[in-house]
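Trainee: One file is attached below, target.cif, containing mmCIF, C-alpha atoms.
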data_protein
loop_
_atom_site.group_PDB
_atom_site.id
_atom_site.type_symbol
_atom_site.label_atom_id
_atom_site.label_comp_id
_atom_site.auth_asym_id
_atom_site.auth_seq_id
_atom_site.Cartn_x
_atom_site.Cartn_y
_atom_site.Cartn_z
ATOM 1 C CA MET A 1 11.429 -9.105 29.109
ATOM 2 C CA HIS A 2 15.115 -8.200 29.040
ATOM 3 C CA ALA A 3 16.185 -4.698 30.068
ATOM 4 C CA PHE A 4 17.718 -4.077 26.648
ATOM 5 C CA ASP A 5 14.403 -4.940 24.978
ATOM 6 C CA VAL A 6 12.664 -2.373 27.188
ATOM 7 C CA ILE A 7 15.248 0.224 26.187
ATOM 8 C CA ALA A 8 14.749 -0.642 22.505
ATOM 9 C CA VAL A 9 10.994 -0.199 22.870
ATOM 10 C CA LEU A 10 11.478 3.140 24.654
ATOM 11 C CA MET A 11 13.817 4.296 21.890
ATOM 12 C CA ILE A 12 11.190 3.421 19.257
ATOM 13 C CA ILE A 13 8.577 5.393 21.201
ATOM 14 C CA GLY A 14 11.018 8.309 21.366
ATOM 15 C CA ALA A 15 11.703 7.974 17.645
ATOM 16 C CA ALA A 16 7.971 8.012 16.861
ATOM 17 C CA ALA A 17 7.575 11.211 18.921
ATOM 18 C CA ALA A 18 10.578 12.778 17.179
ATOM 19 C CA PHE A 19 9.186 11.838 13.778
ATOM 20 C CA GLY A 20 5.833 13.372 14.700
ATOM 21 C CA VAL A 21 7.447 16.638 15.791
ATOM 22 C CA GLY A 22 9.660 16.615 12.681
ATOM 23 C CA ALA A 23 6.743 16.028 10.323
ATOM 24 C CA SER A 24 4.723 18.804 11.985
ATOM 25 C CA ALA A 25 7.666 21.177 11.621
ATOM 26 C CA LEU A 26 8.008 20.156 7.979
ATOM 27 C CA ALA A 27 4.331 20.973 7.416
ATOM 28 C CA ARG A 28 4.916 24.425 8.972
ATOM 29 C CA ALA A 29 7.879 24.934 6.592
ATOM 30 C CA ASP A 30 10.231 25.059 9.583
ATOM 31 C CA ASP A 31 12.894 23.062 7.771
ATOM 32 C CA LEU A 32 15.771 23.275 10.258
ATOM 33 C CA VAL A 33 13.658 22.050 13.165
ATOM 34 C CA ALA A 34 12.170 19.355 10.931
ATOM 35 C CA ALA A 35 15.577 18.103 9.813
ATOM 36 C CA TYR A 36 16.823 18.031 13.407
ATOM 37 C CA TRP A 37 13.913 15.992 14.763
ATOM 38 C CA LEU A 38 13.939 13.650 11.798
ATOM 39 C CA VAL A 39 17.646 12.983 12.425
ATOM 40 C CA VAL A 40 16.877 12.341 16.117
ATOM 41 C CA GLY A 41 14.176 9.889 15.024
ATOM 42 C CA VAL A 42 16.435 8.086 12.571
ATOM 43 C CA VAL A 43 19.211 7.718 15.190
ATOM 44 C CA SER A 44 16.698 6.436 17.764
ATOM 45 C CA VAL A 45 15.118 3.914 15.390
ATOM 46 C CA ARG A 46 18.488 2.649 14.203
ATOM 47 C CA GLY A 47 19.752 2.444 17.770
ATOM 48 C CA ALA A 48 16.661 0.540 18.902
ATOM 49 C CA VAL A 49 17.068 -2.088 16.192
ATOM 50 C CA GLN A 50 20.813 -2.405 16.811
ATOM 51 C CA ILE A 51 20.333 -2.827 20.551
ATOM 52 C CA ALA A 52 17.541 -5.378 20.064
ATOM 53 C CA ARG A 53 19.445 -7.415 17.484
ATOM 54 C CA SER A 54 22.937 -7.270 18.981
ATOM 55 C CA GLY A 55 24.357 -10.684 19.821
ATOM 56 C CA VAL A 56 21.864 -12.558 17.651
ATOM 57 C CA ARG A 57 23.258 -15.618 15.854
ATOM 58 C CA GLY A 58 23.552 -15.284 12.091
ATOM 59 C CA MET B 1 -4.948 -20.026 -3.155
ATOM 60 C CA VAL B 2 -7.024 -20.986 -6.140
ATOM 61 C CA ALA B 3 -5.626 -23.265 -8.776
ATOM 62 C CA ALA B 4 -6.935 -25.264 -11.681
ATOM 63 C CA THR B 5 -7.405 -29.023 -11.340
ATOM 64 C CA ASP B 6 -5.354 -29.718 -14.460
ATOM 65 C CA ASP B 7 -2.298 -28.105 -12.941
ATOM 66 C CA LEU B 8 -2.449 -30.225 -9.836
ATOM 67 C CA SER B 9 -3.488 -33.611 -11.173
ATOM 68 C CA ASP B 10 -0.765 -36.229 -11.518
ATOM 69 C CA PRO B 11 -0.227 -39.010 -14.055
ATOM 70 C CA PRO B 12 -1.782 -42.360 -13.078
ATOM 71 C CA ASP B 13 1.570 -44.088 -12.455
ATOM 72 C CA SER B 14 2.672 -41.646 -9.761
ATOM 73 C CA ALA B 15 0.572 -42.842 -6.877
ATOM 74 C CA PRO B 16 2.536 -41.326 -3.965
ATOM 75 C CA SER B 17 2.647 -37.839 -5.416
ATOM 76 C CA SER B 18 -1.000 -38.158 -6.378
ATOM 77 C CA SER B 19 -1.901 -38.878 -2.789
ATOM 78 C CA ARG B 20 0.190 -35.907 -1.715
ATOM 79 C CA ALA B 21 -1.670 -33.717 -4.160
ATOM 80 C CA SER B 22 -5.011 -34.923 -2.854
ATOM 81 C CA GLU B 23 -3.870 -34.121 0.685
ATOM 82 C CA ALA B 24 -2.651 -30.678 -0.287
ATOM 83 C CA THR B 25 -5.804 -29.634 -2.073
ATOM 84 C CA VAL B 26 -9.421 -29.556 -1.116
ATOM 85 C CA PRO B 27 -11.720 -29.548 -4.127
ATOM 86 C CA ILE B 28 -14.442 -26.978 -3.960
ATOM 87 C CA ARG B 29 -17.096 -25.978 -6.381
ATOM 88 C CA ALA B 30 -17.029 -22.704 -8.223
ATOM 89 C CA GLN B 31 -20.300 -21.800 -6.536
ATOM 90 C CA SER B 32 -18.420 -21.492 -3.227
ATOM 91 C CA PHE B 33 -16.510 -18.569 -4.705
ATOM 92 C CA ALA B 34 -19.462 -17.082 -6.521
ATOM 93 C CA PRO B 35 -18.084 -13.511 -6.896
ATOM 94 C CA LEU B 36 -14.682 -14.813 -8.035
ATOM 95 C CA ALA B 37 -16.280 -17.295 -10.411
ATOM 96 C CA ARG B 38 -18.560 -14.620 -11.849
ATOM 97 C CA LEU B 39 -15.571 -12.286 -12.343
ATOM 98 C CA GLY B 40 -13.780 -15.084 -14.220
ATOM 99 C CA GLU B 41 -16.789 -15.551 -16.472
ATOM 100 C CA LEU B 42 -16.857 -11.852 -17.431
ATOM 101 C CA GLY B 43 -15.374 -10.826 -20.731
ATOM 102 C CA SER B 44 -12.440 -8.478 -21.147
ATOM 103 C CA VAL B 45 -14.691 -5.472 -21.820
ATOM 104 C CA ALA B 46 -16.702 -5.985 -18.650
ATOM 105 C CA GLN B 47 -13.489 -6.493 -16.686
ATOM 106 C CA ALA B 48 -12.067 -3.286 -18.180
ATOM 107 C CA SER B 49 -15.152 -1.367 -17.076
ATOM 108 C CA VAL B 50 -14.002 -1.656 -13.435
ATOM 109 C CA PRO B 51 -10.796 0.429 -13.883
ATOM 110 C CA GLY B 52 -12.726 2.535 -16.393
ATOM 111 C CA LEU B 53 -15.248 3.386 -13.703
ATOM 112 C CA TYR B 54 -12.399 4.235 -11.337
ATOM 113 C CA ALA B 55 -10.713 6.515 -13.897
ATOM 114 C CA TRP B 56 -14.079 8.171 -14.604
ATOM 115 C CA ALA B 57 -14.731 8.760 -10.904
ATOM 116 C CA VAL B 58 -11.291 10.265 -10.291
ATOM 117 C CA THR B 59 -10.772 12.422 -13.373
ATOM 118 C CA VAL B 60 -14.054 12.971 -15.232
ATOM 119 C CA SER B 61 -16.821 13.340 -12.661
ATOM 120 C CA PRO B 62 -14.991 15.982 -10.529
ATOM 121 C CA ALA B 63 -14.496 18.064 -13.683
ATOM 122 C CA ALA B 64 -18.088 17.633 -14.886
ATOM 123 C CA TRP B 65 -19.567 18.628 -11.532
ATOM 124 C CA SER B 66 -17.020 21.346 -10.738
ATOM 125 C CA LYS B 67 -18.199 24.875 -10.061
ATOM 126 C CA GLY B 68 -19.362 26.601 -13.230
ATOM 127 C CA ALA B 69 -19.212 23.482 -15.422
ATOM 128 C CA PRO B 70 -21.680 23.651 -18.364
ATOM 129 C CA TRP B 71 -24.519 21.139 -18.758
ATOM 130 C CA VAL B 72 -22.748 19.636 -21.801
ATOM 131 C CA ALA B 73 -20.008 18.379 -19.497
ATOM 132 C CA LYS B 74 -22.523 16.726 -17.175
ATOM 133 C CA VAL B 75 -24.370 15.058 -20.058
ATOM 134 C CA ALA B 76 -21.094 13.827 -21.563
ATOM 135 C CA ALA B 77 -19.955 12.453 -18.192
ATOM 136 C CA ILE B 78 -23.217 10.525 -17.767
ATOM 137 C CA ALA B 79 -22.932 9.279 -21.361
ATOM 138 C CA GLY B 80 -19.437 7.979 -20.572
ATOM 139 C CA LEU B 81 -20.779 6.094 -17.599
ATOM 140 C CA LEU B 82 -23.596 4.655 -19.720
ATOM 141 C CA SER B 83 -21.120 3.584 -22.404
ATOM 142 C CA LEU B 84 -19.250 1.538 -19.813
ATOM 143 C CA ALA B 85 -22.450 -0.116 -18.601
ATOM 144 C CA GLY B 86 -23.733 -0.605 -22.142
ATOM 145 C CA SER B 87 -20.517 -2.193 -23.353
ATOM 146 C CA ALA B 88 -20.594 -4.722 -20.514
ATOM 147 C CA ALA B 89 -24.196 -5.624 -21.434
ATOM 148 C CA LEU B 90 -23.383 -5.776 -25.175
ATOM 149 C CA GLU B 91 -20.336 -7.990 -24.816
ATOM 150 C CA ALA B 92 -22.203 -11.301 -24.782
ATOM 151 C CA ARG B 93 -23.725 -10.568 -28.206
ATOM 152 C CA SER B 94 -20.902 -8.701 -29.934
ATOM 153 C CA PRO B 95 -17.537 -8.466 -28.170
ATOM 154 C CA ARG B 96 -15.921 -6.327 -30.878
ATOM 155 C CA ARG B 97 -18.678 -3.710 -30.788
ATOM 156 C CA ALA B 98 -18.681 -3.782 -26.999
ATOM 157 C CA ARG B 99 -14.962 -3.044 -26.940
ATOM 158 C CA ALA B 100 -15.438 -0.122 -29.364
ATOM 159 C CA VAL B 101 -18.306 1.280 -27.284
ATOM 160 C CA SER B 102 -16.269 0.978 -24.099
ATOM 161 C CA VAL B 103 -12.979 2.463 -25.319
ATOM 162 C CA TRP B 104 -14.317 5.093 -27.736
ATOM 163 C CA GLY B 105 -17.383 5.906 -25.663
ATOM 164 C CA LEU B 106 -15.479 6.604 -22.483
ATOM 165 C CA GLY B 107 -12.559 8.234 -24.300
ATOM 166 C CA LEU B 108 -14.675 10.619 -26.380
ATOM 167 C CA THR B 109 -17.100 11.600 -23.644
ATOM 168 C CA SER B 110 -14.216 12.217 -21.231
ATOM 169 C CA SER B 111 -12.520 14.416 -23.846
ATOM 170 C CA ILE B 112 -15.756 16.403 -24.246
ATOM 171 C CA VAL B 113 -15.940 16.904 -20.481
ATOM 172 C CA TRP B 114 -12.360 18.158 -20.286
ATOM 173 C CA LEU B 115 -12.813 20.422 -23.309
ATOM 174 C CA ALA B 116 -15.982 21.867 -21.795
ATOM 175 C CA THR B 117 -14.264 22.517 -18.467
ATOM 176 C CA PRO B 118 -10.673 23.543 -19.324
ATOM 177 C CA ALA B 119 -10.224 25.218 -15.945
ATOM 178 C CA SER B 120 -10.573 21.864 -14.190
ATOM 179 C CA LEU B 121 -7.272 20.716 -15.720
ATOM 180 C CA ALA B 122 -5.357 23.848 -14.701
ATOM 181 C CA PRO B 123 -2.509 23.180 -12.259
ATOM 182 C CA THR B 124 -4.204 25.335 -9.628
ATOM 183 C CA HIS B 125 -7.337 23.151 -9.728
ATOM 184 C CA LEU B 126 -5.750 19.735 -10.285
ATOM 185 C CA ASP B 127 -4.659 18.115 -7.055
ATOM 186 C CA ALA B 128 -1.351 16.237 -7.411
ATOM 187 C CA ALA B 129 -2.586 13.084 -5.690
ATOM 188 C CA ARG B 130 -5.759 13.028 -7.819
ATOM 189 C CA GLY B 131 -3.683 13.540 -10.963
ATOM 190 C CA ILE B 132 -1.432 10.585 -10.134
ATOM 191 C CA THR B 133 -4.332 8.286 -9.227
ATOM 192 C CA GLY B 134 -6.074 9.389 -12.438
ATOM 193 C CA ILE B 135 -3.038 8.427 -14.511
ATOM 194 C CA VAL B 136 -2.973 5.030 -12.804
ATOM 195 C CA GLY B 137 -6.712 4.583 -13.419
ATOM 196 C CA TRP B 138 -6.483 5.369 -17.135
ATOM 197 C CA ALA B 139 -3.398 3.169 -17.533
ATOM 198 C CA LEU B 140 -5.261 0.271 -15.884
ATOM 199 C CA PHE B 141 -8.280 0.866 -18.139
ATOM 200 C CA ALA B 142 -6.076 0.881 -21.246
ATOM 201 C CA TYR B 143 -4.305 -2.275 -20.149
ATOM 202 C CA ALA B 144 -7.532 -4.083 -19.239
ATOM 203 C CA ALA B 145 -9.212 -3.022 -22.489
ATOM 204 C CA ALA B 146 -6.277 -4.204 -24.600
ATOM 205 C CA ALA B 147 -5.550 -7.447 -22.758
ATOM 206 C CA PRO B 148 -7.498 -10.671 -23.319
ATOM 207 C CA ALA B 149 -10.056 -11.596 -20.681
ATOM 208 C CA LEU B 150 -8.918 -13.515 -17.631
ATOM 209 C CA LYS B 151 -10.755 -16.825 -17.790
ATOM 210 C CA ARG B 152 -10.611 -20.003 -15.805
ATOM 211 C CA PRO B 153 -10.518 -23.285 -17.784
ATOM 212 C CA ALA B 154 -14.050 -24.275 -18.786
ATOM 213 C CA ASP B 155 -14.263 -27.807 -17.368
ATOM 214 C CA SER B 156 -12.088 -27.544 -14.311
ATOM 215 C CA PRO B 157 -13.637 -26.918 -10.924
ATOM 216 C CA LEU B 158 -11.674 -24.613 -8.696
ATOM 217 C CA GLN B 159 -9.557 -26.219 -6.018
ATOM 218 C CA LEU B 160 -8.490 -24.644 -2.815
ATOM 219 C CA GLU B 161 -5.100 -25.599 -1.463
ATOM 220 C CA ALA B 162 -4.921 -26.565 2.168
ATOM 221 C CA ALA B 163 -3.521 -23.881 4.425
ATOM 222 C CA LEU B 164 0.250 -23.681 4.234
ATOM 223 C CA LYS B 165 2.110 -24.723 7.332
ATOM 224 C CA PRO B 166 4.047 -21.784 8.789
ATOM 225 C CA ARG B 167 7.793 -22.292 9.192
ATOM 226 C CA ALA B 168 7.667 -20.762 12.656
ATOM 227 C CA LYS B 169 4.951 -19.956 15.138
ATOM 228 C CA THR B 170 4.070 -16.353 15.866
ATOM 229 C CA ARG B 171 4.974 -15.862 19.478
ATOM 230 C CA ARG B 172 2.711 -14.265 21.993
ATOM 231 C CA GLY B 173 3.149 -10.513 22.146
ATOM 232 C CA ASP B 174 4.563 -10.078 18.658
ATOM 233 C CA MET B 175 1.233 -8.866 17.364
ATOM 234 C CA ILE B 176 1.196 -6.127 20.008
ATOM 235 C CA TYR B 177 4.534 -4.809 18.710
ATOM 236 C CA VAL B 178 3.392 -4.913 15.090
ATOM 237 C CA ALA B 179 -0.007 -3.391 15.905
ATOM 238 C CA ALA B 180 1.619 -0.580 17.915
ATOM 239 C CA GLY B 181 4.013 0.110 15.025
ATOM 240 C CA ALA B 182 1.092 0.147 12.579
ATOM 241 C CA ILE B 183 -0.882 2.553 14.799
ATOM 242 C CA VAL B 184 2.108 4.923 14.988
ATOM 243 C CA ALA B 185 2.617 4.676 11.208
ATOM 244 C CA PHE B 186 -1.073 5.476 10.696
ATOM 245 C CA ALA B 187 -0.976 8.348 13.206
ATOM 246 C CA LEU B 188 1.950 9.882 11.313
ATOM 247 C CA GLN B 189 -0.233 9.969 8.194
ATOM 248 C CA LEU B 190 -2.611 12.363 9.964
ATOM 249 C CA VAL B 191 0.060 15.091 10.075
ATOM 250 C CA GLY B 192 0.183 17.898 7.527
ATOM 251 C CA TRP B 193 -3.121 17.663 5.650
ATOM 252 C CA ARG B 194 -3.674 21.438 5.814
ATOM 253 C CA VAL B 195 -0.554 22.397 3.884
ATOM 254 C CA LEU B 196 -1.567 24.657 0.992
ATOM 255 C CA VAL B 197 1.608 24.539 -1.127
ATOM 256 C CA PRO B 198 1.428 21.346 -3.257
ATOM 257 C CA GLU B 199 5.203 20.680 -3.261
ATOM 258 C CA ARG B 200 5.377 21.028 0.512
ATOM 259 C CA ALA B 201 2.301 18.826 0.952
ATOM 260 C CA LEU B 202 3.876 16.128 -1.243
ATOM 261 C CA LEU B 203 7.137 16.348 0.715
ATOM 262 C CA VAL B 204 5.250 15.964 4.019
ATOM 263 C CA ARG B 205 3.332 12.960 2.655
ATOM 264 C CA LEU B 206 6.499 11.257 1.409
ATOM 265 C CA THR B 207 8.304 11.949 4.684
ATOM 266 C CA THR B 208 5.498 10.663 6.892
ATOM 267 C CA LEU B 209 5.191 7.583 4.687
ATOM 268 C CA ALA B 210 8.925 6.874 4.924
ATOM 269 C CA VAL B 211 9.153 7.384 8.692
ATOM 270 C CA GLY B 212 5.963 5.358 9.214
ATOM 271 C CA ILE B 213 7.493 2.435 7.355
ATOM 272 C CA ALA B 214 10.698 2.878 9.383
ATOM 273 C CA VAL B 215 8.800 2.730 12.696
ATOM 274 C CA LEU B 216 6.773 -0.291 11.574
ATOM 275 C CA GLY B 217 9.909 -2.097 10.396
ATOM 276 C CA ALA B 218 11.803 -1.292 13.591
ATOM 277 C CA SER B 219 8.982 -2.480 15.856
ATOM 278 C CA THR B 220 8.783 -5.737 13.879
ATOM 279 C CA ASP B 221 12.565 -6.207 14.120
ATOM 280 C CA VAL B 222 12.504 -5.626 17.878
ATOM 281 C CA ALA B 223 9.613 -8.085 18.282
ATOM 282 C CA LEU B 224 11.394 -10.813 16.299
ATOM 283 C CA ALA B 225 14.756 -10.199 17.956
ATOM 284 C CA ARG B 226 13.249 -11.161 21.339
ATOM 285 C CA HIS B 227 13.006 -14.809 20.257
ATOM 286 C CA ALA B 228 16.283 -15.061 18.343
ATOM 287 C CA LYS B 229 19.064 -17.336 19.542
ATOM 288 C CA ARG B 230 21.978 -15.342 20.866
ATOM 289 C CA LEU B 231 25.731 -15.836 20.971
ATOM 290 C CA PRO B 232 27.384 -16.778 24.285
ATOM 291 C CA VAL B 233 28.975 -13.318 24.422
ATOM 292 C CA ALA B 234 25.705 -11.580 23.634
ATOM 293 C CA GLY B 235 25.548 -9.782 26.987
ATOM 294 C CA ARG B 236 28.880 -8.047 26.451
ATOM 295 C CA LEU B 237 28.016 -7.225 22.839
ATOM 296 C CA ARG B 238 24.644 -5.795 23.801
ATOM 297 C CA ARG B 239 26.176 -3.591 26.472
ATOM 298 C CA ARG B 240 28.702 -2.236 23.953
ATOM 299 C CA VAL B 241 26.019 -1.563 21.322
ATOM 300 C CA PHE B 242 23.769 -0.020 23.960
ATOM 301 C CA VAL B 243 26.497 2.388 25.082
ATOM 302 C CA THR B 244 27.388 3.311 21.487
ATOM 303 C CA TRP B 245 23.839 4.088 20.387
ATOM 304 C CA THR B 246 22.808 5.770 23.630
ATOM 305 C CA LEU B 247 25.825 8.065 23.301
ATOM 306 C CA ALA B 248 24.930 8.758 19.670
ATOM 307 C CA ALA B 249 21.337 9.666 20.581
ATOM 308 C CA ALA B 250 22.501 11.775 23.537
ATOM 309 C CA PHE B 251 25.031 13.567 21.317
ATOM 310 C CA VAL B 252 22.384 14.468 18.747
ATOM 311 C CA LEU B 253 19.971 15.659 21.443
ATOM 312 C CA LEU B 254 22.635 17.736 23.205
ATOM 313 C CA ALA B 255 23.833 19.235 19.926
ATOM 314 C CA GLY B 256 20.305 20.421 19.215
ATOM 315 C CA LEU B 257 19.826 21.828 22.698
ATOM 316 C CA LEU B 258 23.170 23.659 22.521
ATOM 317 C CA PHE B 259 22.329 25.055 19.097
ATOM 318 C CA TRP B 260 19.037 26.500 20.299
ATOM 319 C CA ALA B 261 20.597 27.742 23.547
ATOM 320 C CA VAL B 262 23.275 29.659 21.607
ATOM 321 C CA GLN B 263 20.685 31.142 19.257
#
Since I need it in another form, could you write the structure as structure tokens?

Mentor:
Amino acid sequence: MHAFDVIAVLMIIGAAAAFGVGASALARADDLVAAYWLVVGVVSVRGAVQIARSGVRG
Amino acid sequence: MVAATDDLSDPPDSAPSSSRASEATVPIRAQSFAPLARLGELGSVAQASVPGLYAWAVTVSPAAWSKGAPWVAKVAAIAGLLSLAGSAALEARSPRRARAVSVWGLGLTSSIVWLATPASLAPTHLDAARGITGIVGWALFAYAAAAPALKRPADSPLQLEAALKPRAKTRRGDMIYVAAGAIVAFALQLVGWRVLVPERALLVRLTTLAVGIAVLGASTDVALARHAKRLPVAGRLRRRVFVTWTLAAAFVLLAGLLFWAVQ
């Protein structure tokens, strides 16, 4: 497995954790914390896909 | 996939395509798909009783057996259930009467239940998710009751097409990525079930659903990208993308830490 693939997987794991924290904060009505962690999750997921797919033909 | 023989048979003068059709399909008897065949032989009223039963279970029975509901509501709810069963049994002899019994029987008895238990329809008692699924159930019942019955052609045995050949093989390890993504998406659905405010609960459900789909999609993309053919300059491109997105993630994390440190 390529190092970049490992990083992409780690970023998805991080994104899942961030989403979990964000959703829990949303359930507690802690909106600022929820928004922050959801943004962290979105950036991590997007980054993981971009890193994994960079340089692919087509 | 199940298809009728008539749709797949070829004219006698087209021998090559006929042989292709015989290769692509494996004739089977209806008895092999007994539940499916029996469902196809049911009339429209009996078919409509399935969504009717669902709508009854979601919207009528909880009201009839709610706390403080009068006995009239319970009797009417049971009568509605019996009207569904009776209409399915009556359909072979008189389809028109069966349809009337099904639609009017369930509709009237359900109305009696709701009139007898008006508190069950109050916004404080009606769960949003149950309300939405109830609407879907009644819409399906109305559609199934109004639509003609789904029937297979009388003299055509069912045929099963041979398994389609995949365009690409699923590589080893891909299933682990997809399964892990699915587990995370499922785990996210366990968050926030104790929220009391309905609007907040709905927002949490929508958010967890959206982020679950995002994680599942991303894990699938990463799994598929491992096997993709890459450009000759892929290494340089990947390094650039890696630096860009790592900096973006680090910036967001640091911004949050700084914000909380200042506060």

Trainee: Please find the residues of chain A near chain B - the criterion being any atom within 8 Å, counting all atoms listed in the file - and write them as a PyMOL selection string.

Mentor: chain A and resi 4-5+8-9+12+15-16+19-20+23-24+26-29+36+40+43-57

Trainee: I need the output of the PyMOL selection byres ((chain B and resi 73) around 9) for this file as a list in words; which residues are they?

Mentor: Ala63, Ala64, Trp65, Ala69, Pro70, Trp71, Val72, Lys74, Val75, Ala76, Ala77, Ile78, Thr109, Ser110, Ile112, Val113, Trp114, Leu115, Ala116 and Thr117 of chain B

Trainee: Kindly compute an axis-aligned box around the listed atoms of segment 128-144 of chain B, allowing 5 Å on each side, and express its centre and edge lengths in Å to one decimal as JSON.

Mentor:
{"center_x": -4.8, "center_y": 6.1, "center_z": -13.5, "size_x": 16.9, "size_y": 30.3, "size_z": 25.6}

Trainee: Work out how far apart atom CA of Ser49 of chain B and atom CA of Gly68 of chain B are and give it in Å to one decimal.

Mentor: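 According to the coordinates, atom CA of Ser49 of chain B and atom CA of Gly68 of chain B are separated by 28.5 Å.
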
Trainee: Record the distance separating atom CA of Ala146 of chain B and atom CA of Ser44 of chain B, expressed in Å with one decimal.

Mentor: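 If I compute the distance from atom CA of Ala146 of chain B to atom CA of Ser44 of chain B, I get 8.3 Å.
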
Trainee: Here's the selection I'm unsure about, the PyMOL selection byres ((chain B and resi 129-136) around 9); applied to the file above, which residues does it give, as a list in words?

Mentor: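 On this input, the PyMOL selection byres ((chain B and resi 129-136) around 9) captures Tyr54, Ala55, Trp56, Ala57, Val58, Thr59, Leu126, Asp127, Ala128, Gly137, Trp138, Ala139, Leu140, Phe141 and Leu202 of chain B.
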
Trainee: Could you state which residues are captured by the PyMOL selection byres ((chain B and resi 99) around 9) in this file, as a VMD selection string?

Mentor: chain B and resid 44 to 46 87 to 88 91 94 to 98 100 to 104 145

Trainee: To one decimal place, how far is atom CA of Ser66 of chain B from atom CA of Ser120 of chain B in Å?

Mentor: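 That distance, rounded to one decimal, is 7.3 Å.
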
Trainee: Would you mind listing what lies within 8 Å of Ala18 of chain A as a list in words, with all atoms listed in the file counted and same-chain residues fewer than 6 positions away left out?

Mentor: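 Those residues are Trp37, Leu38, Val40 and Gly41 of chain A.
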